[in-house]
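Participant: I have a structure here, written as structure tokens, and I will follow up with some questions on it.
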Amino acid sequence: MESLFDLSLINSTLRMMAPLLLAGLGGAICSRVGVFNVGLDGLMLMGAFLGIAANAYTNNVWLAILIAIIGTTIFSALYGYMMIDLQANMIVTGIAMNFLSIGMTTFALRTIFDVQGAYYNNEMQGLPVWEIPVIDSIPLVGNLLSGQSPIVYLGIVCTILMYIFFKKSVAGSHFDAVGINPTAAKSQGIKVRRIQYLAVLISGILCALAGAQLSLGQVTMFSENMTAGRGFIALVATMLGQSNPIGVFLSSGLFGFTEAISIRLQGLNVPTNFTLMLPYVITILAMFIFKDKNQLSALKNSAGSSR
Amino acid sequence: MNKLKTNATLFIQPILAVIVGLLVGTIAIMLSGESVAVTYQEMWKGAFGNLYFLTNTLERAIPIILAGLGVAFAFRAGFFNLGAEGQLVMGAVTTAIITVSLPFQGLLNMIISIVAGMLIAGLYSFFAGWMEQRFQINLLISTLLLNYIAVLFAGYLVSEPFRDTSSAGGVPQTVMVDQASRLPKLITGMNLHYGFVIAIILAIVIAFIMKRTTFGYEVKMLGQNVFFAQYGGINRKKTMFISLLISGMLAGLAGSVEVLGMHYRFIEGALSNPQFAWTGLMAALLANSNPVGTTIVAIFLAALDTGSLGVERNTDVPNSISGIIQAVLILFISAKFSFEFLKQRKKEGK
Amino acid sequence: MLLELKGITKKYGDFTANDHIDFSLNKQEIHAIVGENGAGKTTLMRMLYGMEKPTSGEIVIAGKSKTIDNPNDAIALGIGMVHQHFMLFPPFTIAENVVFHHEPRKSWRYDRKKAAEEVSQLAKKFGMNIDPLQIVGDAPVGIQQRVEILKVLYQGADVIILDEPTAVLTPLEVKDLLASLRELVKMGKSIILITHKLNEVMAVSDRVTVLRDGKVTGTLETRETNPEELSRLMVGRELKNNPLPEKVKGKEVLSIKNVSMTDKDSGKSLLENISFQVQQGEIVGIAGVSGNGQSELIQAITGLASVQNGSVTLNGTELTNQSVKQIREAGLAHIPEDRYLWGAAKEASLVDNMMMTDYVKQEFQKSGVLKLKNIRKYVTDSIKKFNVKTTSIDTSAQFLSGGNLQKLIAAREIQKNTPFLLAAEPTRGVDIGAMEFIHEQLIEKRNNGDAVLLISSELSEILALSDRVLVMYEGKIAGEFERNEASEEKLSILMAGGRNE
Amino acid sequence: AEESSNGGESEASNEEAKTVAVVLTDQIGVNPFFQQISDGATKAAEETGLEVNVIESSDPTEIEQNLQVAVADGYDLILTATFDAVDALTRVAEQNPDQDFAIIDAVVDLPNVKSAEFREYEASFLLGATAGLSTQTNTVGIVLAMDVPLLDKYKVGFEEGVAHVNSEAEILSSYVGSFEDPAKAKEIALQQHANGADFIAAAAAVSDLGVFEAAAEEGFYTSGQDIDRTVNDPEHIVLSQLKNTDVVAYDFVKEYGEGEFTTGTQSFGLAEGGVGVTFVTAESESELSDFIGQETIDEVIAIKDQIISGEVEVQNPLEQE
Ligand SMILES: Nc1ncnc2c1ncn2[C@@H]1O[C@H](COP(=O)(O)OP(=O)(O)OP(=O)(O)O)[C@@H](O)[C@H]1O
Ligand SMILES: Nc1ncnc2c1ncn2[C@@H]1O[C@H](COP(=O)(O)OP(=O)(O)OP(=O)(O)O)[C@@H](O)[C@H]1O
Ligand SMILES: [Mg+2]
Ligand SMILES: [Mg+2]
């Protein structure tokens, strides 16, 4: 019990929330332009795989991340094509994309590395741990915040950037407009399709980073289906955060935190399945406080395409 | 004349989708260096090759049909029930526990345990509806989260209080259902059981309810325009709750029937890992929530599953290839391919 | 000549929406376009604005042939359009909506301060009173309309297309709008005005083009024509004049006593001590600028919202705060204010739309099972009787033109043969032929001895149909007139908050 | 491989090689011992001239169909594994009393089925004892996949082993909650290390890799499962608990090839060499870590002998109440 709120808790929370945050931001930008992205999990998995595969061949973790981003973005373009141009039902497309990326990564794992289940090799370098100069020297805070993979910090930077983008930039207001009323945006000469594509591609980049954080940041390996459903939790973070970058940050933080806590609660005399439930239960409870409005429009769009 | 035309386009799209899907599959198969013709032949055989495979495909379709019907029913009323998985698991575990706890066996046991499973599953989905109605909690998030909770809770039930301690393995599962309380097989020696009959009857019943009854009308109108429904005196709360209850009950029945007809016990993960609920959801969406359509699409999706087994058994094409073909097929079926679309593209291209 | 459309044809599949249309616009002219619902007015303008491409024909602007592929091209050519259905972003502010896609920037940043200033100045210049920082979704329709016009002006349009701008406005707002159109023309703009209201055409336009079934049936100098000629060109026949026969006094049907309603969140009073009755064989009209409690009154009567005080009685049954279903069973029929929000399910078939509330009747169901044969026969007959133009009763309601959908709704509610009908804005956005028809039906219902409550922001409609007129202002009844005492002037004063007698 | 089974008609079967189907309940990648079974069976088949075909299932519900088809395809021996296959095998074997079956790592009590069960808890006990003797912080940990009784064979054995040699040591046990989440497994290991554990056993299937990484980064010690994992990183992966499914699969198929196949249940524990721990029961390519030391190994070997002789009794945790 004494270990429940130890120093590593914040550290651990940051690590665990980073993939959720990045993918959640990807979901948020899509939702802001009226696209309901159920394929976050598949995009993440793709990013995780490409990161490791590229790392194994290039032996350069930065190049690996770049390749993961490029590959996942191409994959997300296919996703966008299905939804935006072929008008496929967004939820079906998303679920099918998830299935597709499980199939493709597993297939590639076999054909490229001739292994099954997991690929790792000791030579492979994962992402370094960054000690942030100033923060590091502050006594307590240094311990708490410093010493994370660059992608964790990037997640925080992306949150701020996206916040500024929507709050301050002209382009951000165009993105919002497309989500609020695509017909009106179109009637004002906005290229709605282009903006929706852009959002889906950006979500591809963010999910690639989320996946890379898993496969190169948290561990340095790839295992089949290693996202373990994190994409769906990211989707929950998107919705709970009402597609607002800060909201997504807070909700993925809440999830990372409760998950970190739930690990620590396992010492108690409660069946583990109940402590594992904690993040989900807390999230439901959190919804009593934060109620969602934004998602409804994206939802209605996806509902529309199903009828 | 007009109707004929729309019917034609209705068929052309899935056919086009299947062609594209198979083409992509062909590329993948060629990549893995196998014979394309043999692979597809095995796929066909695995799904429909003989009576055994055919009935097996139909068996696999049972939970997909029922979960799909459940999802479709809620969609009709305008609610996205992403919680079919949790409801299915709750139904299954309840049925498995009740059937072995009852002091008597046979038909009555079967009925009681199935009804109990359906009720619990229905209440599970009702709960999400209640949270939305009472506290404006987004149904989409709550049903999604309730899935995880249901799976973990069921896992707890069968690893602790209701575990089959008689088996040496320590597998998290309940004890076997008594022979007399199992759903009988339709054909001896085959897996297909009476759950299929139940599923087909329910598909017809639901189609009838939706098309031909006043309640179905109310549900449909609620789904199309809440304000219009209210204006016409339809009780929104009541209709919503009943629809979600029915939706959950159908998903729960998917689990109950799978327990009593196929596994004869609840085994942790055995119903959530095969993604029955998600496949059912896709079936419902692909069929525009039409009950008969959902059934047909569910059988098709099940055939892709069982067909891929055939490929796995008889060729060196990895299992994941069939996953890829399956996903691509679904993707292209969901796309709004039509002549209209092709024409328009052509025009713009020129 | 500023702009010319030559032989424009637009086909949707086999259907010709515009058939070799010739049209021209002079500088500083207001050119009105009139025509029945579905005549092709909007389609023609969408082509001019680049939202549709003509199947054939030519667009000539300032003497040069142009292709307009998208709204950007149109805006670049100085053409702006105010759409029939507003093209606004409700969560954005007025300023954000006006400057949209032409935002003042500081490099990549959105200069919202400058936007607000510019919009404020622009509004002042054209004599419009708005708060640039108000959220558009919270603004009344009149203001939203102005935002649409400001948007077009901000984009620097010289040609302004207005598609039915007055359909949703109050008489006062209409007056303001028409005045500002005149102002705009003086400042050098040219205007194309689509409307169903011939009095507006007569009041404001220089020329008028009439469309029927996608063809031009005439282009006339406004000075040289009159409403009768225009309506003949539009409908292809003379309009009837429907006299209101002497009223026969009957029993009290609807009785409202001291009804009050307050907003739950803000505590604002929405209805205050409303009392009135409607008797058999009479049409009671409620006039008023929209937003003065009419919607709340409708909801209070029909059971869509609950009241805090007072009582509503229908046919002797106490129905205060009862369910919609109970009230309907007691004898209410209701043509709703907003046909798309309350009155129909757009994606549902005509059959489904037609059956609302009737599906429970004995002739259409037996123990919960619908009698489809009876239903289809009933719907087919009603559609024939009410002259709803459609290819099939199975098409979805969204494919009906506004006027035809309104006829369907009127058919549904009038045919219920209830002792009481509440008709709210029964002819909003409907062409004059359909309007005439719906008015006939309301009068017939009255003549049959039923009670009708007519709520309309259209004074001419109120005056033409009502045996008695009530005026609503700020949630209260501000005055009551018998048919022979009521006049447009008297009503207008009360509607604007003035006092009478 | 498929042609032989398809082409093989019954009249010709005497001349043709006998065929073995290895039907697995899941994808090979999910658990390394599927690979071991496949390897063991293939090796024995090669040596005895049998045809072997390995059939994976994409999820455990498909096992029954795959078994049925294997019967229909006329394989002579059908070998399967794990508890996921028990129900299906029971049904299929009852329906086909003349068909030979074998199952590894689970028991099906039928006259035409040969079963092999393992007493993993004996090995876990040794692993726990080694950990208990070696720890310097007096805290050890174990990371398990899921909270299911099945894994008590590892967890309880380990805990009893630690307690047997070091009653003071604190034991941290945690579950990942998934079989496929190495990232979370690593997080858990880091957390246990932060709470003082200097040895953390990994028993979480694929997720073990996450524990190994944590050990390499933070410099604590860990152990693997099923096969000798010490070779991957001898500095940190200092032990491995062994489950020789390959030996059993090899034995079963070899017996079949040599015509000595008998049905019934065999139990494999320390005494039979079916389970074990590196350095204690088996040599390893890697060098013994100083963290453990030969002294400790000698002590544990003594315990092993006591277990085999029955002097120390390690109970099946699933049969304890
Ligand atoms: N300086 C800038 N910083 C950030 N975003 C910008 C900047 N300039 C333009 N954009 C955005 O880039 C996109 C294209 O810019 P712009 O609107 O000027 O070009 P356009 O050709 O008119 O495109 P469109 O009409 O499709 O919006 C838009 O989404 C716009 O908001
Ligand atoms: N995209 C389309 N596809 C098919 N038909 C269309 C389409 N748009 C319009 N139409 C049809 O073209 C005709 C003309 O429509 P339009 O909207 O121009 O009428 P309108 O004169 O503006 O009517 P209203 O007064 O009701 O606004 C109608 O019959 C309409 O149903
Ligand atoms: Mg129009
Ligand atoms: Mg632009």
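Just remember, in the structure tokens the first chain shown is A, the second B, etc., residues are 1-based per chain, and ligands are 1-based in the order shown.
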I need the chain B residues near chain A as a ChimeraX atom specification; criterion: at most 9 Å, counting only C-alpha atoms.
Facilitator: /B:32,75,78,80,131,135-138,140-142,144-146,148-149,152-153,155-156,160,278-279,281-283,285-289,318-337,341
Participant: Pick out the residues sitting within 7 Å of Asp105 of chain D, and hand them over as JSON, numbers by chain; count only C-alpha atoms, and ignore anything fewer than 4 positions along from it in its own chain.
Facilitator: {"D": [81, 82, 116, 117, 118]}
Participant: Determine, for each residue of chain C having at least one atom at most 10 Å from an atom of ligand 2, the closest pair of atoms and their separation in Å to one decimal, counting only C-alpha atoms and all ligand atoms; order by chain and ascending number, as CSV.
Facilitator:
```
residue,atom,partner,partner_atom_place_in_ligand_line,distance
C:Lys10,CA,ligand 2,12 (O),8.7
C:Lys11,CA,ligand 2,5 (N),8.0
C:Tyr12,CA,ligand 2,4 (C),4.9
C:Gly13,CA,ligand 2,4 (C),7.4
C:Asp14,CA,ligand 2,4 (C),9.3
C:Phe15,CA,ligand 2,5 (N),7.0
C:Thr16,CA,ligand 2,12 (O),7.3
C:Ala17,CA,ligand 2,12 (O),4.4
C:Asn18,CA,ligand 2,14 (C),7.4
C:Ile33,CA,ligand 2,21 (O),9.2
C:Val34,CA,ligand 2,21 (O),8.0
C:Gly35,CA,ligand 2,21 (O),6.3
C:Glu36,CA,ligand 2,25 (O),5.7
C:Asn37,CA,ligand 2,25 (O),3.5
C:Gly38,CA,ligand 2,19 (O),3.4
C:Ala39,CA,ligand 2,21 (O),3.9
C:Gly40,CA,ligand 2,18 (O),3.2
C:Lys41,CA,ligand 2,21 (O),3.7
C:Thr42,CA,ligand 2,22 (O),3.6
C:Thr43,CA,ligand 2,18 (O),3.6
C:Leu44,CA,ligand 2,18 (O),6.4
C:Met45,CA,ligand 2,18 (O),8.0
C:Arg46,CA,ligand 2,18 (O),8.3
C:Glu52,CA,ligand 2,1 (N),8.7
C:Gln84,CA,ligand 2,27 (O),7.2
C:His85,CA,ligand 2,27 (O),9.5
C:Asp163,CA,ligand 2,27 (O),7.8
C:Glu164,CA,ligand 2,27 (O),7.5
C:Ile194,CA,ligand 2,22 (O),8.3
C:Thr195,CA,ligand 2,25 (O),7.8
C:His196,CA,ligand 2,25 (O),7.2
C:Leu211,CA,ligand 2,21 (O),7.8
C:Arg212,CA,ligand 2,21 (O),8.5
C:Asp213,CA,ligand 2,14 (C),8.0
C:Gly214,CA,ligand 2,14 (C),7.1
C:Lys389,CA,ligand 2,29 (O),9.5
C:Thr390,CA,ligand 2,31 (O),9.6
C:Gln398,CA,ligand 2,31 (O),9.2
C:Phe399,CA,ligand 2,31 (O),6.1
C:Leu400,CA,ligand 2,31 (O),6.4
C:Ser401,CA,ligand 2,26 (O),5.2
C:Gly402,CA,ligand 2,26 (O),5.1
C:Gly403,CA,ligand 2,26 (O),6.1
C:Asn404,CA,ligand 2,26 (O),8.5
C:Leu405,CA,ligand 2,26 (O),9.8
C:Gly429,CA,ligand 2,25 (O),7.0
C:Val430,CA,ligand 2,25 (O),6.9
C:Asp431,CA,ligand 2,25 (O),6.5
```
Participant: Excluding Ala303 of chain B and its own-chain neighbours fewer than 5 positions away, which residues fall within 8 Å of it when counting only C-alpha atoms? Please give them as JSON, numbers by chain.
Facilitator: {"B": [47, 48, 57, 58, 61]}
Participant: Which of these, B:Phe53, B:Trp44, B:Phe300, B:Phe215, has the shortest distance to chain D once you count only C-alpha atoms?
Facilitator: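 Result for the nearest residue to chain D: B:Phe53.
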Participant: So, with only C-alpha atoms as the atoms that count, which of D:Ala216, D:Leu242, D:Leu318, D:Val206 lies closest to chain B?
Facilitator: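 Checking each candidate against chain B, we get D:Leu318 as the closest.
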Participant: List every residue of segment 16-145 of chain D that DSSP, applied to the backbone of this structure, places in strand (DSSP E or B), and write the result as a VMD selection string.
Facilitator: chain D and resid 19 to 23 51 to 55 77 to 81 100 to 104 106 113 to 118 139 to 144
Participant: Would you save the residues from that selection as a CSV table (one decimal), in the first residue's frame, using N, CA, C and O atoms?
Facilitator:
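Result saved to part-v2.csv:
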```csv
chain,number,residue,atom,x,y,z
D,19,THR,N,0.8,-40.6,-41.7
D,19,THR,CA,0.8,-39.2,-41.6
D,19,THR,C,0.4,-38.7,-40.2
D,19,THR,O,-0.4,-39.4,-39.5
D,20,VAL,N,1.0,-37.6,-39.8
D,20,VAL,CA,0.7,-37.0,-38.5
D,20,VAL,C,0.2,-35.6,-38.7
D,20,VAL,O,0.8,-34.8,-39.5
D,21,ALA,N,-0.9,-35.3,-38.1
D,21,ALA,CA,-1.3,-33.9,-38.1
D,21,ALA,C,-1.0,-33.3,-36.7
D,21,ALA,O,-1.4,-33.8,-35.7
D,22,VAL,N,-0.4,-32.1,-36.7
D,22,VAL,CA,-0.2,-31.4,-35.5
D,22,VAL,C,-1.2,-30.2,-35.5
D,22,VAL,O,-1.0,-29.3,-36.3
D,23,VAL,N,-2.2,-30.3,-34.7
D,23,VAL,CA,-3.3,-29.3,-34.8
D,23,VAL,C,-3.1,-28.4,-33.6
D,23,VAL,O,-3.3,-28.9,-32.4
D,51,GLU,N,5.0,-38.5,-42.4
D,51,GLU,CA,4.7,-37.2,-43.0
D,51,GLU,C,4.0,-36.4,-41.9
D,51,GLU,O,3.1,-36.9,-41.2
D,52,VAL,N,4.4,-35.1,-41.8
D,52,VAL,CA,3.8,-34.3,-40.8
D,52,VAL,C,3.3,-33.0,-41.3
D,52,VAL,O,3.9,-32.4,-42.2
D,53,ASN,N,2.1,-32.6,-40.9
D,53,ASN,CA,1.5,-31.3,-41.3
D,53,ASN,C,1.1,-30.5,-40.1
D,53,ASN,O,0.4,-31.1,-39.2
D,54,VAL,N,1.5,-29.3,-40.0
D,54,VAL,CA,1.2,-28.5,-38.8
D,54,VAL,C,0.0,-27.6,-39.2
D,54,VAL,O,0.1,-26.9,-40.2
D,55,ILE,N,-1.0,-27.6,-38.4
D,55,ILE,CA,-2.2,-26.8,-38.7
D,55,ILE,C,-2.4,-25.9,-37.5
D,55,ILE,O,-2.6,-26.3,-36.4
D,77,LEU,N,-2.2,-40.2,-37.1
D,77,LEU,CA,-2.1,-39.7,-35.7
D,77,LEU,C,-2.4,-38.2,-35.7
D,77,LEU,O,-1.9,-37.5,-36.5
D,78,ILE,N,-3.3,-37.8,-34.8
D,78,ILE,CA,-3.6,-36.4,-34.7
D,78,ILE,C,-3.1,-35.9,-33.3
D,78,ILE,O,-3.6,-36.4,-32.3
D,79,LEU,N,-2.1,-35.0,-33.3
D,79,LEU,CA,-1.5,-34.5,-32.1
D,79,LEU,C,-2.0,-33.1,-31.9
D,79,LEU,O,-1.9,-32.2,-32.8
D,80,THR,N,-2.4,-32.8,-30.7
D,80,THR,CA,-2.8,-31.4,-30.4
D,80,THR,C,-2.3,-31.1,-29.0
D,80,THR,O,-1.5,-31.9,-28.4
D,81,ALA,N,-2.6,-29.8,-28.5
D,81,ALA,CA,-2.0,-29.4,-27.3
D,81,ALA,C,-2.8,-28.4,-26.6
D,81,ALA,O,-3.6,-27.7,-27.2
D,100,ASP,N,-6.4,-42.5,-33.7
D,100,ASP,CA,-5.4,-42.2,-32.6
D,100,ASP,C,-5.2,-40.7,-32.4
D,100,ASP,O,-5.0,-40.0,-33.4
D,101,PHE,N,-5.2,-40.3,-31.2
D,101,PHE,CA,-5.0,-38.9,-30.8
D,101,PHE,C,-3.9,-38.8,-29.8
D,101,PHE,O,-3.7,-39.8,-29.0
D,102,ALA,N,-3.4,-37.7,-29.7
D,102,ALA,CA,-2.5,-37.4,-28.6
D,102,ALA,C,-2.6,-35.9,-28.2
D,102,ALA,O,-2.9,-35.1,-29.1
D,103,ILE,N,-2.5,-35.6,-26.9
D,103,ILE,CA,-2.6,-34.2,-26.5
D,103,ILE,C,-1.5,-33.9,-25.5
D,103,ILE,O,-1.2,-34.8,-24.6
D,104,ILE,N,-0.9,-32.8,-25.7
D,104,ILE,CA,0.2,-32.4,-24.8
D,104,ILE,C,-0.2,-31.3,-23.9
D,104,ILE,O,-0.9,-30.3,-24.4
D,106,ALA,N,-2.3,-31.3,-21.4
D,106,ALA,CA,-3.6,-31.4,-21.0
D,106,ALA,C,-4.0,-32.9,-21.0
D,106,ALA,O,-3.3,-33.7,-21.6
D,113,VAL,N,-6.8,-41.8,-26.7
D,113,VAL,CA,-6.1,-40.6,-26.6
D,113,VAL,C,-4.9,-40.8,-25.6
D,113,VAL,O,-5.0,-41.4,-24.6
D,114,LYS,N,-3.8,-40.3,-26.1
D,114,LYS,CA,-2.6,-40.3,-25.2
D,114,LYS,C,-2.4,-38.9,-24.7
D,114,LYS,O,-2.4,-38.0,-25.5
D,115,SER,N,-2.2,-38.8,-23.4
D,115,SER,CA,-2.1,-37.4,-22.8
D,115,SER,C,-0.8,-37.2,-22.1
D,115,SER,O,-0.3,-38.2,-21.5
D,116,ALA,N,-0.3,-36.0,-22.2
D,116,ALA,CA,0.9,-35.7,-21.4
D,116,ALA,C,0.6,-34.4,-20.6
D,116,ALA,O,0.2,-33.4,-21.1
D,117,GLU,N,0.7,-34.5,-19.3
D,117,GLU,CA,0.6,-33.3,-18.4
D,117,GLU,C,1.9,-33.0,-17.8
D,117,GLU,O,2.7,-33.9,-17.6
D,118,PHE,N,2.1,-31.8,-17.4
D,118,PHE,CA,3.3,-31.3,-16.8
D,118,PHE,C,3.1,-30.9,-15.4
D,118,PHE,O,2.0,-30.3,-15.1
D,139,THR,N,13.6,-9.0,-1.7
D,139,THR,CA,12.3,-8.8,-2.4
D,139,THR,C,12.4,-9.4,-3.8
D,139,THR,O,13.4,-9.1,-4.5
D,140,VAL,N,11.5,-10.3,-4.2
D,140,VAL,CA,11.5,-10.8,-5.5
D,140,VAL,C,10.1,-10.6,-6.1
D,140,VAL,O,9.1,-10.4,-5.4
D,141,GLY,N,10.1,-10.7,-7.5
D,141,GLY,CA,8.8,-10.4,-8.1
D,141,GLY,C,8.5,-11.5,-9.2
D,141,GLY,O,9.4,-12.2,-9.6
D,142,ILE,N,7.2,-11.6,-9.6
D,142,ILE,CA,6.9,-12.4,-10.7
D,142,ILE,C,5.8,-11.7,-11.5
D,142,ILE,O,4.9,-11.1,-10.9
D,143,VAL,N,6.0,-11.6,-12.8
D,143,VAL,CA,5.0,-11.0,-13.7
D,143,VAL,C,4.3,-12.1,-14.5
D,143,VAL,O,4.9,-12.8,-15.2
D,144,LEU,N,3.0,-12.1,-14.3
D,144,LEU,CA,2.2,-13.2,-15.0
D,144,LEU,C,1.2,-12.6,-16.0
D,144,LEU,O,0.9,-11.4,-15.9
```
Participant: Can you work out which residues from chain C touch chain A at a cut-off of 12 Å (counting only C-alpha atoms) and hand them back as a PyMOL selection string?
Facilitator: chain C and resi 46+49-52+68-76+79-93+96-113+115+137+148+151-152+155+346-348
Participant: What residues in chain D lie within 10 Å of chain A, counting only C-alpha atoms, written as a count of residues only?
Facilitator: 44
Participant: Find the residues of chain C in contact range of chain B, meaning any atom within 7 Å when counting only C-alpha atoms, and list them as a list in words.
Facilitator: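 Every residue of chain C that passes the 7 Å test is in Val324, Lys325, Leu341, Trp342, Gly343, Ala344, Ala345, Glu347, Ala348, Met356, Thr357, Tyr359, Val360, Gly368, Val369 and Leu370 of chain C.
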Participant: Excluding Ser113 of chain B and any residue of its chain fewer than 6 positions from it, enumerate the residues within 9 Å of it, using only C-alpha atoms, and give them as number ranges by chain.
Facilitator: B: 94-100, 102, 256
Participant: Hey, what's within 7 Å of segment 302-314 of chain C if we count only C-alpha atoms and toss same-chain stuff fewer than 6 positions away? As a count of residues only, please?
Facilitator: 16
Participant: What is the distance, in Å and to one decimal place, between atom CA of Glu425 of chain C and atom CA of Gln406 of chain C?
Facilitator: 10.1 Å
Participant: Within 7 Å of chain D, which residues of chain B are there when counting only C-alpha atoms? Please give them as a PyMOL selection string.
Facilitator: chain B and resi 159+169-172+270+273-274+312-315+319
Participant: Skip Leu216 of chain A itself and residues of its chain fewer than 6 positions away, then list as a ChimeraX atom specification all residues within 8 Å of it, counting only C-alpha atoms.
Facilitator: /A:48,51-52,61,126-127
Participant: Counting only C-alpha atoms and all ligand atoms, which residue out of C:Gly316, C:Phe23, C:Ile161, C:Ile143 sits closest to ligand 3?
Facilitator: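 Distance minimum relative to ligand 3 lands on C:Ile161.
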